[in-house]
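Dropping start09.txt in here (compact mmCIF, C-alpha atoms):
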```
# COMPACT_ATOMS: atom_id res chain seq x y z
CA MET P 1 59.64 100.96 94.74
CA THR P 2 58.89 100.92 91.00
CA ALA P 3 59.62 97.90 88.79
CA MET P 4 62.47 99.86 87.22
CA HIS P 5 64.10 100.64 90.56
CA LYS P 6 63.63 97.03 91.64
CA LYS P 7 65.43 95.79 88.55
CA LEU P 8 68.36 98.22 89.04
CA SER P 9 68.52 97.38 92.72
CA GLU P 10 68.61 93.62 92.00
CA TYR P 11 71.48 94.14 89.58
CA ALA P 12 73.48 96.25 92.06
CA SER P 13 72.86 93.64 94.76
CA SER P 14 73.99 90.80 92.48
CA LEU P 15 77.23 92.70 91.93
CA CYS P 16 77.90 93.66 95.54
CA ASP P 17 76.41 90.93 97.76
CA GLY P 18 79.14 88.33 97.40
CA MET P 19 81.96 90.86 97.30
CA ARG P 20 84.66 90.01 99.86
CA VAL P 21 85.65 93.54 100.77
CA ASP P 22 85.09 95.87 103.74
CA SER P 23 81.40 96.50 104.43
CA ARG P 24 82.07 100.24 104.08
CA THR P 25 83.74 99.77 100.66
CA ARG P 26 80.95 97.42 99.57
CA GLY P 27 78.35 100.01 100.59
CA GLU P 28 80.14 102.73 98.61
CA ILE P 29 80.40 100.52 95.49
CA ASP P 30 76.71 99.68 95.79
CA ARG P 31 75.77 103.40 95.95
CA GLU P 32 78.05 104.23 93.04
CA VAL P 33 76.70 101.43 90.81
CA ARG P 34 73.08 102.37 91.61
CA ALA P 35 73.79 106.04 90.85
CA HIS P 36 75.39 105.13 87.52
CA LEU P 37 72.49 102.87 86.50
CA GLU P 38 69.95 105.53 87.48
CA ASP P 39 71.77 108.18 85.44
CA HIS P 40 71.93 105.96 82.38
CA THR P 41 68.33 104.79 82.71
CA ASN P 42 67.06 108.37 83.08
CA SER P 43 69.10 109.44 80.06
CA LEU P 44 67.62 106.60 77.97
CA LYS P 45 64.11 107.48 79.19
CA ARG P 46 64.62 111.07 78.09
CA SER P 47 65.42 109.75 74.62
CA GLY P 48 62.00 108.13 74.51
CA LEU P 49 62.46 104.58 75.85
CA SER P 50 60.05 102.98 78.31
CA ASP P 51 61.09 102.42 81.96
CA ASP P 52 61.50 98.72 81.36
CA GLU P 53 63.53 99.02 78.15
CA ALA P 54 65.71 101.82 79.57
CA SER P 55 66.64 99.88 82.71
CA ARG P 56 67.27 96.73 80.67
CA ARG P 57 69.66 98.58 78.35
CA ALA P 58 71.43 100.38 81.20
CA ILE P 59 72.06 97.04 82.91
CA ARG P 60 73.25 95.42 79.70
CA SER P 61 75.71 98.19 78.93
CA PHE P 62 77.09 98.10 82.49
CA GLY P 63 78.41 94.58 81.85
CA ASN P 64 78.71 91.21 83.54
CA PRO P 65 78.35 91.74 87.33
CA GLU P 66 80.55 88.74 88.16
CA ILE P 67 83.49 90.04 86.12
CA ILE P 68 83.15 93.58 87.49
CA ALA P 69 82.88 92.28 91.08
CA ARG P 70 85.98 90.10 90.55
CA ASP P 71 87.99 93.08 89.22
CA LEU P 72 86.85 95.28 92.11
CA ILE P 73 87.80 92.59 94.66
CA VAL P 74 91.30 92.43 93.15
CA VAL P 75 91.62 96.24 93.42
CA HIS P 76 90.40 96.38 97.01
CA SER P 77 92.27 93.32 98.22
CA GLN P 78 95.47 95.34 98.31
CA GLY P 79 95.72 97.34 101.51
CA THR P 80 97.60 100.60 101.79
CA TRP P 81 101.05 100.74 103.47
CA ARG P 82 99.25 101.94 106.60
CA ASP P 83 96.83 98.96 106.48
CA ALA P 84 99.80 96.62 106.04
CA PHE P 85 101.55 98.14 109.06
CA LEU P 86 98.40 97.86 111.20
CA THR P 87 97.92 94.22 110.08
CA SER P 88 101.43 93.34 111.23
CA LEU P 89 101.33 95.48 114.40
CA PRO P 90 99.75 92.95 116.82
CA HIS P 91 102.50 90.40 116.06
CA LEU P 92 105.16 93.07 116.57
CA LEU P 93 103.52 93.99 119.87
CA VAL P 94 103.62 90.37 121.04
CA ALA P 95 107.30 90.23 120.06
CA LEU P 96 107.83 93.44 122.04
CA LEU P 97 105.88 92.05 124.99
CA LEU P 98 108.04 88.92 125.00
CA THR P 99 111.17 91.08 124.83
CA ALA P 100 109.84 93.12 127.78
CA TYR P 101 109.36 89.85 129.69
CA PHE P 102 112.79 88.42 128.86
CA ARG P 103 114.64 91.69 129.49
CA GLN P 104 112.42 92.93 132.31
CA SER P 105 112.00 96.18 130.36
CA LEU P 106 109.30 98.57 131.57
CA VAL P 107 109.66 100.79 128.46
CA CYS P 108 108.87 97.87 126.13
CA LEU P 109 105.87 96.96 128.26
CA LEU P 110 104.49 100.52 128.27
CA ALA P 111 105.05 100.87 124.50
CA THR P 112 103.16 97.58 123.95
CA VAL P 113 100.20 98.60 126.10
CA LEU P 114 99.96 102.05 124.47
CA ALA P 115 100.16 100.69 120.91
CA ALA P 116 97.64 97.91 121.69
CA GLY P 117 95.19 100.46 123.11
CA LEU P 118 95.60 102.70 120.05
CA GLY P 119 95.12 99.74 117.67
CA ALA P 120 91.96 98.58 119.47
CA HIS P 121 90.53 102.12 119.40
CA LEU P 122 91.25 102.45 115.64
CA ALA P 123 89.72 99.01 114.88
CA VAL P 124 86.46 99.87 116.69
CA SER P 125 86.21 103.40 115.28
CA ARG P 126 86.78 102.15 111.70
CA ARG P 127 84.04 99.46 111.97
CA VAL P 128 86.30 96.38 111.87
CA PRO P 129 88.48 97.00 108.79
CA ALA P 130 90.43 94.17 107.10
CA TRP P 131 93.56 94.74 109.20
CA SER P 132 91.69 94.20 112.46
CA PHE P 133 91.41 90.43 111.83
CA SER P 134 95.05 89.92 112.80
CA TRP P 135 94.19 91.57 116.16
CA LEU P 136 91.06 89.49 116.60
CA GLY P 137 93.08 86.26 116.85
CA TYR P 138 94.85 87.59 119.95
CA CYS P 139 91.53 88.74 121.44
CA LEU P 140 90.49 85.08 121.48
CA VAL P 141 93.59 84.03 123.44
CA PRO P 142 92.37 84.98 126.97
CA ILE P 143 88.90 83.52 126.26
CA ILE P 144 90.29 80.14 125.18
CA LEU P 145 93.07 80.07 127.80
CA ALA P 146 90.53 80.60 130.59
CA ALA P 147 88.47 77.71 129.17
CA LEU P 148 91.57 75.44 129.10
CA LEU P 149 92.41 76.32 132.70
CA LEU P 150 88.85 75.59 133.80
CA LEU P 151 89.06 72.09 132.28
CA ASN P 152 90.98 70.98 135.38
CA ALA P 153 88.98 73.06 137.85
CA THR P 154 88.06 71.61 141.21
CA HIS P 155 85.43 72.43 143.89
CA TRP P 156 83.04 75.22 142.95
CA TRP P 157 85.27 76.27 140.05
CA THR P 158 83.92 73.15 138.28
CA LEU P 159 80.51 74.84 138.13
CA VAL P 160 82.10 77.99 136.71
CA GLY P 161 83.82 75.78 134.11
CA ILE P 162 80.55 74.05 133.16
CA ALA P 163 78.95 77.44 132.56
CA TYR P 164 81.96 79.17 130.99
CA ILE P 165 83.45 76.55 128.62
CA PRO P 166 80.38 76.18 126.31
CA CYS P 167 80.08 79.99 126.19
CA ALA P 168 83.78 80.32 125.25
CA VAL P 169 83.39 77.69 122.50
CA LEU P 170 80.28 79.46 121.19
CA VAL P 171 82.10 82.82 121.12
CA ALA P 172 85.08 81.29 119.25
CA VAL P 173 82.80 79.51 116.73
CA TYR P 174 80.77 82.69 116.23
CA VAL P 175 83.89 84.79 115.60
CA VAL P 176 85.30 82.22 113.13
CA ARG P 177 81.96 81.95 111.30
CA GLN P 178 81.55 85.71 111.03
CA THR P 179 85.12 86.03 109.76
CA ALA P 180 84.59 83.21 107.23
CA SER P 181 81.46 84.95 105.93
CA ARG P 182 83.65 87.95 105.14
CA ASP P 183 86.56 86.03 103.60
CA LEU P 184 88.01 82.57 104.32
CA LEU P 185 91.57 83.93 104.05
CA TYR P 186 90.87 86.19 107.04
CA VAL P 187 90.20 83.07 109.13
CA SER P 188 93.78 81.95 108.49
CA LEU P 189 95.09 85.46 109.11
CA MET P 190 93.18 85.62 112.39
CA LEU P 191 94.23 82.16 113.61
CA ALA P 192 97.87 82.28 112.44
CA PRO P 193 99.23 83.15 115.94
CA TRP P 194 97.36 80.14 117.33
CA ALA P 195 99.36 77.72 115.20
CA VAL P 196 102.63 79.38 116.29
CA ILE P 197 101.64 79.49 119.97
CA THR P 198 100.60 75.80 119.83
CA ALA P 199 103.89 74.75 118.19
CA TRP P 200 105.96 76.57 120.84
CA CYS P 201 103.78 75.32 123.71
CA MET P 202 104.31 71.75 122.56
CA ALA P 203 108.05 72.38 122.17
CA THR P 204 108.69 74.07 125.51
CA GLN P 205 106.06 72.57 127.83
CA ASN P 206 104.88 69.09 128.63
CA LEU P 207 101.22 68.20 128.26
CA SER P 208 100.58 67.74 131.97
CA SER P 209 101.88 71.22 132.81
CA ILE P 210 99.71 72.72 130.05
CA ARG P 211 96.67 70.88 131.41
CA SER P 212 97.33 72.08 134.95
CA GLY P 213 97.97 75.64 133.76
CA SER P 214 101.38 75.82 135.47
CA LEU P 215 103.65 76.70 132.56
CA ASP P 216 107.38 76.17 132.81
CA ALA P 217 109.00 79.65 132.53
CA ASN P 218 112.49 78.18 132.03
CA GLY P 219 111.31 76.25 128.95
CA VAL P 220 110.01 79.50 127.47
CA ARG P 221 113.15 81.48 128.42
CA SER P 222 115.55 79.04 126.82
CA TYR P 223 113.93 79.74 123.42
CA GLY P 224 113.32 83.44 124.02
CA ARG P 225 115.05 84.71 120.89
CA GLU P 226 113.37 82.13 118.65
CA LEU P 227 109.95 82.92 120.15
CA VAL P 228 110.39 86.63 119.43
CA GLY P 229 111.65 85.71 115.94
CA SER P 230 108.48 83.66 115.29
CA PHE P 231 106.23 86.63 115.97
CA VAL P 232 108.42 88.94 113.89
CA THR P 233 108.09 86.37 111.06
CA LEU P 234 104.31 86.48 111.52
CA ALA P 235 104.45 90.28 111.37
CA VAL P 236 106.38 90.21 108.09
CA SER P 237 103.99 87.65 106.57
CA SER P 238 100.94 89.70 107.65
CA PHE P 239 102.49 92.78 106.08
CA VAL P 240 103.00 90.90 102.80
CA PHE P 241 99.46 89.47 103.08
CA ALA P 242 97.97 92.96 103.28
CA ARG P 243 100.03 94.43 100.43
CA ILE P 244 100.04 91.61 97.89
CA ARG P 245 97.20 91.51 95.34
CA PRO P 246 96.83 87.92 94.01
CA ARG P 247 94.90 85.71 96.39
CA TRP P 248 97.29 82.77 95.92
CA GLY P 249 100.09 85.10 97.06
CA LYS P 250 98.10 86.03 100.14
CA ALA P 251 97.53 82.34 100.87
CA LEU P 252 101.25 81.61 100.54
CA ALA P 253 102.10 84.55 102.81
CA LEU P 254 99.96 82.89 105.49
CA ILE P 255 101.23 79.33 105.05
CA ILE P 256 104.99 79.93 104.75
CA PRO P 257 105.69 81.43 108.23
CA GLN P 258 103.78 78.63 109.94
CA ALA P 259 105.77 76.05 107.99
CA VAL P 260 108.98 77.89 108.92
CA VAL P 261 108.13 77.91 112.66
CA PHE P 262 107.04 74.27 112.54
CA GLY P 263 110.24 73.33 110.68
CA TYR P 264 112.36 75.23 113.20
CA VAL P 265 110.68 73.53 116.16
CA LEU P 266 111.08 70.16 114.42
CA LEU P 267 114.80 70.74 113.79
CA PHE P 268 115.89 72.24 117.09
CA CYS P 269 113.41 70.99 119.68
CA GLY P 270 112.45 67.72 117.98
CA GLN P 271 113.86 65.42 120.64
CA GLN P 272 111.99 66.94 123.55
CA VAL P 273 108.52 66.94 121.92
CA SER P 274 106.26 63.96 122.53
CA LEU P 275 104.28 62.26 119.76
CA TRP P 276 101.10 63.86 121.11
CA GLY P 277 102.83 67.23 121.04
CA TRP P 278 103.72 66.77 117.38
CA LEU P 279 100.20 65.67 116.53
CA VAL P 280 98.63 68.66 118.28
CA ALA P 281 101.09 71.17 116.73
CA GLY P 282 100.73 69.62 113.25
CA LEU P 283 96.94 69.57 113.53
CA ALA P 284 96.88 73.24 114.59
CA ILE P 285 98.95 74.23 111.55
CA VAL P 286 96.81 72.15 109.16
CA LEU P 287 93.57 73.59 110.59
CA VAL P 288 94.82 77.16 110.39
CA SER P 289 96.09 76.66 106.81
CA LEU P 290 92.97 74.81 105.62
CA PRO P 291 90.95 77.93 104.62
CA THR P 292 93.77 79.01 102.26
CA MET P 293 93.64 75.77 100.22
CA ARG P 294 90.73 77.00 98.11
CA GLU P 295 93.09 79.50 96.48
CA PHE P 296 95.22 76.74 94.94
CA ARG P 297 92.37 74.86 93.28
CA GLY P 298 92.23 75.12 89.49
CA MET V 1 86.02 97.51 68.06
CA THR V 2 88.61 94.86 67.12
CA ASN V 3 90.70 92.95 69.67
CA TYR V 4 93.74 94.99 68.65
CA GLU V 5 91.86 98.25 69.31
CA ARG V 6 90.52 96.89 72.61
CA GLU V 7 94.03 96.00 73.82
CA PHE V 8 95.23 99.42 72.74
CA LEU V 9 92.40 101.09 74.67
CA LYS V 10 93.17 98.97 77.74
CA GLY V 11 96.71 100.31 77.83
CA SER V 12 95.51 103.90 77.46
CA THR V 13 92.58 103.86 79.93
CA ASP V 14 94.48 105.53 82.79
CA CYS V 15 95.74 108.30 80.56
CA LEU V 16 92.27 108.94 79.09
CA ILE V 17 90.61 109.02 82.52
CA LEU V 18 93.25 111.35 83.95
CA SER V 19 92.90 113.67 80.96
CA VAL V 20 89.15 114.08 81.50
CA VAL V 21 89.36 114.43 85.30
CA ASN V 22 92.19 116.94 84.88
CA ASP V 23 89.71 119.32 83.21
CA GLY V 24 87.41 119.21 86.25
CA PRO V 25 86.04 116.80 88.84
CA THR V 26 83.56 114.32 87.44
CA TYR V 27 81.61 111.16 88.37
CA GLY V 28 81.50 107.77 86.63
CA TYR V 29 78.57 108.21 84.25
CA GLU V 30 79.56 111.75 83.29
CA LEU V 31 83.13 110.57 82.66
CA ILE V 32 81.98 107.85 80.24
CA LYS V 33 79.79 110.29 78.33
CA GLU V 34 82.66 112.80 78.16
CA LEU V 35 85.06 110.15 76.80
CA GLU V 36 82.50 109.15 74.18
CA SER V 37 81.80 112.72 73.23
CA ARG V 38 85.45 113.83 73.01
CA SER V 39 86.39 110.79 70.90
CA GLY V 40 83.39 111.23 68.59
CA GLY V 41 81.99 107.90 69.83
CA TYR V 42 85.22 105.96 69.19
CA PHE V 43 85.81 105.16 72.88
CA HIS V 44 82.78 103.18 73.92
CA PHE V 45 83.52 101.53 77.28
CA ARG V 46 81.71 98.58 78.78
CA GLU V 47 80.57 100.90 81.57
CA GLY V 48 81.17 98.65 84.56
CA THR V 49 84.81 98.18 83.66
CA LEU V 50 85.43 101.86 84.40
CA TYR V 51 84.93 101.47 88.16
CA PRO V 52 87.75 98.97 88.86
CA ALA V 53 90.04 101.39 86.95
CA LEU V 54 88.79 104.42 88.92
CA HIS V 55 89.12 102.63 92.27
CA ARG V 56 92.59 101.34 91.40
CA MET V 57 93.75 104.83 90.42
CA GLU V 58 92.30 106.18 93.65
CA GLN V 59 94.25 103.56 95.63
CA GLU V 60 97.40 104.46 93.74
CA GLY V 61 96.88 108.09 94.75
CA PHE V 62 96.21 109.50 91.27
CA LEU V 63 92.57 110.32 91.99
CA GLU V 64 90.52 111.17 95.04
CA GLY V 65 86.82 110.28 95.30
CA ARG V 66 84.37 112.44 97.26
CA TRP V 67 80.60 112.12 97.60
CA GLN V 68 78.79 115.32 96.62
CA THR V 69 75.13 116.23 96.43
CA LEU V 70 73.80 117.45 93.07
CA PRO V 71 71.29 120.34 92.93
CA GLY V 72 68.50 117.74 92.47
CA GLY V 73 69.44 116.07 95.77
CA GLN V 74 71.08 112.95 94.25
CA GLU V 75 74.49 111.97 95.55
CA ARG V 76 77.35 111.23 93.16
CA ARG V 77 80.94 110.23 93.79
CA TYR V 78 83.11 112.88 92.15
CA TYR V 79 86.69 112.07 91.24
CA TYR V 80 89.36 114.74 91.63
CA ILE V 81 92.85 114.55 90.20
CA THR V 82 95.62 114.68 92.82
CA PRO V 83 99.06 116.34 92.40
CA ARG V 84 100.45 112.82 91.89
CA GLY V 85 97.83 112.20 89.21
CA LYS V 86 98.84 115.44 87.45
CA GLU V 87 102.46 114.31 87.45
CA MET V 88 101.48 110.90 86.07
CA LEU V 89 99.35 112.53 83.36
CA ALA V 90 102.21 114.80 82.29
CA HIS V 91 104.53 111.79 82.12
CA LYS V 92 102.03 109.67 80.15
CA ARG V 93 101.35 112.52 77.74
CA ALA V 94 105.09 112.95 77.10
CA VAL V 95 105.52 109.20 76.53
CA TRP V 96 102.50 109.14 74.22
CA SER V 97 103.76 112.14 72.27
CA ASP V 98 107.18 110.54 71.73
CA PHE V 99 105.61 107.19 70.88
CA SER V 100 103.12 108.57 68.35
CA ALA V 101 105.82 110.73 66.73
CA ALA V 102 108.05 107.65 66.40
CA VAL V 103 105.20 105.52 64.97
CA LYS V 104 104.28 108.26 62.50
CA ALA V 105 107.89 108.51 61.43
CA VAL V 106 108.05 104.76 60.80
CA PHE V 107 104.71 104.65 58.97
CA LYS V 108 105.45 107.70 56.81
CA PRO V 109 109.17 108.26 56.56
CA GLU V 110 110.02 111.74 55.37
CA ALA V 111 111.91 111.92 52.13
CA GLY V 112 115.56 112.47 52.91
```
Rewrite the structure of this file - the entire thing - as structure tokens.
Amino acid sequence: MTAMHKKLSEYASSLCDGMRVDSRTRGEIDREVRAHLEDHTNSLKRSGLSDDEASRRAIRSFGNPEIIARDLIVVHSQGTWRDAFLTSLPHLLVALLLTAYFRQSLVCLLATVLAAGLGAHLAVSRRVPAWSFSWLGYCLVPIILAALLLLNATHWWTLVGIAYIPCAVLVAVYVVRQTASRDLLYVSLMLAPWAVITAWCMATQNLSSIRSGSLDANGVRSYGRELVGSFVTLAVSSFVFARIRPRWGKALALIIPQAVVFGYVLLFCGQQVSLWGWLVAGLAIVLVSLPTMREFRG
Amino acid sequence: MTNYEREFLKGSTDCLILSVVNDGPTYGYELIKELESRSGGYFHFREGTLYPALHRMEQEGFLEGRWQTLPGGQERRYYYITPRGKEMLAHKRAVWSDFSAAVKAVFKPEAG
């Protein structure tokens, strides 16, 4: 690589490296910026400038990489209507799954399984696009639930627990870290269902039944409509998250539904939730909302 | 270019880009040179600012970007105008025509 190409490459990298957009979009922007700089540099060289001077001028006339990167992030942070629908789809599917459970409907169940399979296939084939983070949160549910169940394991299951639980924690930490490296807001988007699930678990179950893994179906049934409503609320907020451009708006779209669910649980199930239940539910909501706080600074 | 001219250019960027792309598909660098050449050097963009505008217009469905290989083997992202972009251009041109006619009339009122 010549000194000129190195200089152009460094500039393109400084523009694209910290850009919180899809890796595919970032790659395309990188190629486009490099192509532009090469064209301009070659044109300046043809007019008699040296390699060094031509690349320096091409870079200068391209502009401040931080400002350009910021403007490009704003443009690409708004998903299409299709992206918005796919972001909200996993929450709608959970709402549909719950409806299937409460109404014993086979059609709802089949529709959920088909749509979930289609969504997973699309997410993998599109190399983890932005909308797939709302699906990723649900993918962690079986991993973490199995770990919670193994906490109270007896006999040889204790050995399975000893081996499995650290692996499950490592997987969860790895997924959160990878998501945070892409964009902190996606961490909140991914974990949003966790805050809602925790709030409802604390409202409808007692801690000992959660620890033993024997959940009380009657507790869940008595709040069936509200549970479905919570996931529909999450779906609406995810839709808004994907479509809205300002980052503070995205942050609000993530915080508001959790506050609504927490407020609802507080108002209507307040008497039956223990202090520990409140602490756990409140902590879950705070932790899930924490990554959005950066958007309200300054 | 004064701040007033810069603000004026900012409001007209979409229309200028659509006008050039409407005459044939083009890529970023070529587009900037064409704008400079057609305006006799009056429109001199800070080059990097063009790409957020191009990407935004692509997201809005006015343009479509496609990678193409030039005869020399280099790849460039060509922008094509879409039917929606053509509609938008026609609308913006009509608005501009009415606006400039009205401004001219105010600046130089014809003798009654």
Q: For Phe45 (chain V), list every protein, DNA or RNA residue within 9 Å, evaluated using all atoms listed in the file, and leave out those in the same chain fewer than 5 positions away; present the list as a VMD selection string.
A: (chain P and resid 61 to 62) or (chain V and resid 32 35 to 36 50)
Q) For chain P, which residues have at least one atom within 10 Å of chain V, if we go by all atoms listed in the file? Write them as a ChimeraX atom specification, please. A) /P:28-29,31-40,58-65,67-76,78-80
What would the file look like if the residues just selected were written as an mmCIF file, keeping the file's coordinate frame with C-alpha atoms?
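The resulting again11.cif:
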```cif
data_model
loop_
_atom_site.group_PDB
_atom_site.id
_atom_site.type_symbol
_atom_site.label_atom_id
_atom_site.label_comp_id
_atom_site.auth_asym_id
_atom_site.auth_seq_id
_atom_site.Cartn_x
_atom_site.Cartn_y
_atom_site.Cartn_z
ATOM 1 C CA GLU P 28 80.140 102.730 98.610
ATOM 2 C CA ILE P 29 80.400 100.520 95.490
ATOM 3 C CA ARG P 31 75.770 103.400 95.950
ATOM 4 C CA GLU P 32 78.050 104.230 93.040
ATOM 5 C CA VAL P 33 76.700 101.430 90.810
ATOM 6 C CA ARG P 34 73.080 102.370 91.610
ATOM 7 C CA ALA P 35 73.790 106.040 90.850
ATOM 8 C CA HIS P 36 75.390 105.130 87.520
ATOM 9 C CA LEU P 37 72.490 102.870 86.500
ATOM 10 C CA GLU P 38 69.950 105.530 87.480
ATOM 11 C CA ASP P 39 71.770 108.180 85.440
ATOM 12 C CA HIS P 40 71.930 105.960 82.380
ATOM 13 C CA ALA P 58 71.430 100.380 81.200
ATOM 14 C CA ILE P 59 72.060 97.040 82.910
ATOM 15 C CA ARG P 60 73.250 95.420 79.700
ATOM 16 C CA SER P 61 75.710 98.190 78.930
ATOM 17 C CA PHE P 62 77.090 98.100 82.490
ATOM 18 C CA GLY P 63 78.410 94.580 81.850
ATOM 19 C CA ASN P 64 78.710 91.210 83.540
ATOM 20 C CA PRO P 65 78.350 91.740 87.330
ATOM 21 C CA ILE P 67 83.490 90.040 86.120
ATOM 22 C CA ILE P 68 83.150 93.580 87.490
ATOM 23 C CA ALA P 69 82.880 92.280 91.080
ATOM 24 C CA ARG P 70 85.980 90.100 90.550
ATOM 25 C CA ASP P 71 87.990 93.080 89.220
ATOM 26 C CA LEU P 72 86.850 95.280 92.110
ATOM 27 C CA ILE P 73 87.800 92.590 94.660
ATOM 28 C CA VAL P 74 91.300 92.430 93.150
ATOM 29 C CA VAL P 75 91.620 96.240 93.420
ATOM 30 C CA HIS P 76 90.400 96.380 97.010
ATOM 31 C CA GLN P 78 95.470 95.340 98.310
ATOM 32 C CA GLY P 79 95.720 97.340 101.510
ATOM 33 C CA THR P 80 97.600 100.600 101.790
#
```
(Q) List the spatial neighbours of Tyr264 (chain P) as a PyMOL selection string - criterion: any atom at most 12 Å away, all atoms listed in the file, same-chain residues fewer than 2 positions off excluded. (A) chain P and resi 196+199-200+203+223+226-227+229-230+257-262+266-270
Q: For CA of Ser237 (chain P) and CA of Leu287 (chain P), quote the distance in Å rounded to one decimal.
A: 18.0 Å
Q: Name the residues in contact with Met4 (chain P) at a cut-off of 9 Å, using all atoms listed in the file, excluding same-chain residues fewer than 5 positions from it; report them as an NGL selection string.
A: :P and (9 or 41 or 51-52 or 54-56)
Q: Using only C-alpha atoms, determine which residues lie at most 8 Å from Lys86 (chain V), disregarding the query and same-chain residues fewer than 6 positions distant; provide the list as a list in words.
A: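 The residues that qualify are Leu18, Asn22 and Phe62 of chain V.
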(Q) Using all atoms listed in the file for the distances, tell me which of P:Gly263, P:Gly137, P:Gly48, P:Gly224 is nearest to Ala281 (chain P). (A)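 Of the candidates, the smallest distance to Ala281 (chain P) is held by P:Gly263.
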Q: Kindly give the distance, in Å, that separates CA of Trp157 (chain P) and CA of Gln205 (chain P), rounded to a single decimal.
A: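 Computing the Euclidean distance for CA of Trp157 (chain P) and CA of Gln205 (chain P) yields 24.4 Å.
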Q: Determine, counting all atoms listed in the file, which protein, DNA and RNA residues have an atom within 12 Å of an atom of Pro83 (chain V); residues of the same chain fewer than 2 positions away are not included. Present the result as a list in words.
A: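 The neighbour list is Leu18, Asn22, Gly61, Phe62, Leu63, Glu64, Tyr80, Ile81, Gly85, Lys86, Glu87, Met88, Leu89 and Ala90 of chain V.
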Q. Rounded to one decimal in Å, what is the spacing between CA of Leu122 (chain P) and CA of Tyr138 (chain P)?
A.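 Atom-to-atom, CA of Leu122 (chain P) to CA of Tyr138 (chain P), that is 15.9 Å.
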Q) Using all atoms listed in the file, which of the listed residues (V:Leu70, V:Lys108, V:Ser37, V:Ser19) sits closest to His91 (chain V)? A) V:Ser19
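Using only C-alpha atoms for every distance, the candidate list P:Ser132, P:Arg297, P:Val236, P:Gln271 yields P:Val236 as the residue closest to Ile256 (chain P).
With distances restricted to only C-alpha atoms, P:Leu145 is the closest residue to Val169 (chain P) from P:Leu189, P:Ala153, P:Val265, P:Leu145.
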Please define a box with edges along x, y and z of the file around all atoms of region 16-23 of chain P given in the file, extend it by 8 Å on each side, and return its centre and edge lengths in Å to one decimal, as AutoDock Vina command-line options.
```
--center_x 81.0 --center_y 92.4 --center_z 100.0 --size_x 25.2 --size_y 24.2 --size_z 24.9
```
**Q.** Best match for closeness to Leu93 (chain P) among P:Leu150, P:Cys139, P:Ala180, P:Val228, counting all atoms listed in the file
**A.**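 Result for the nearest residue to Leu93 (chain P): P:Val228.
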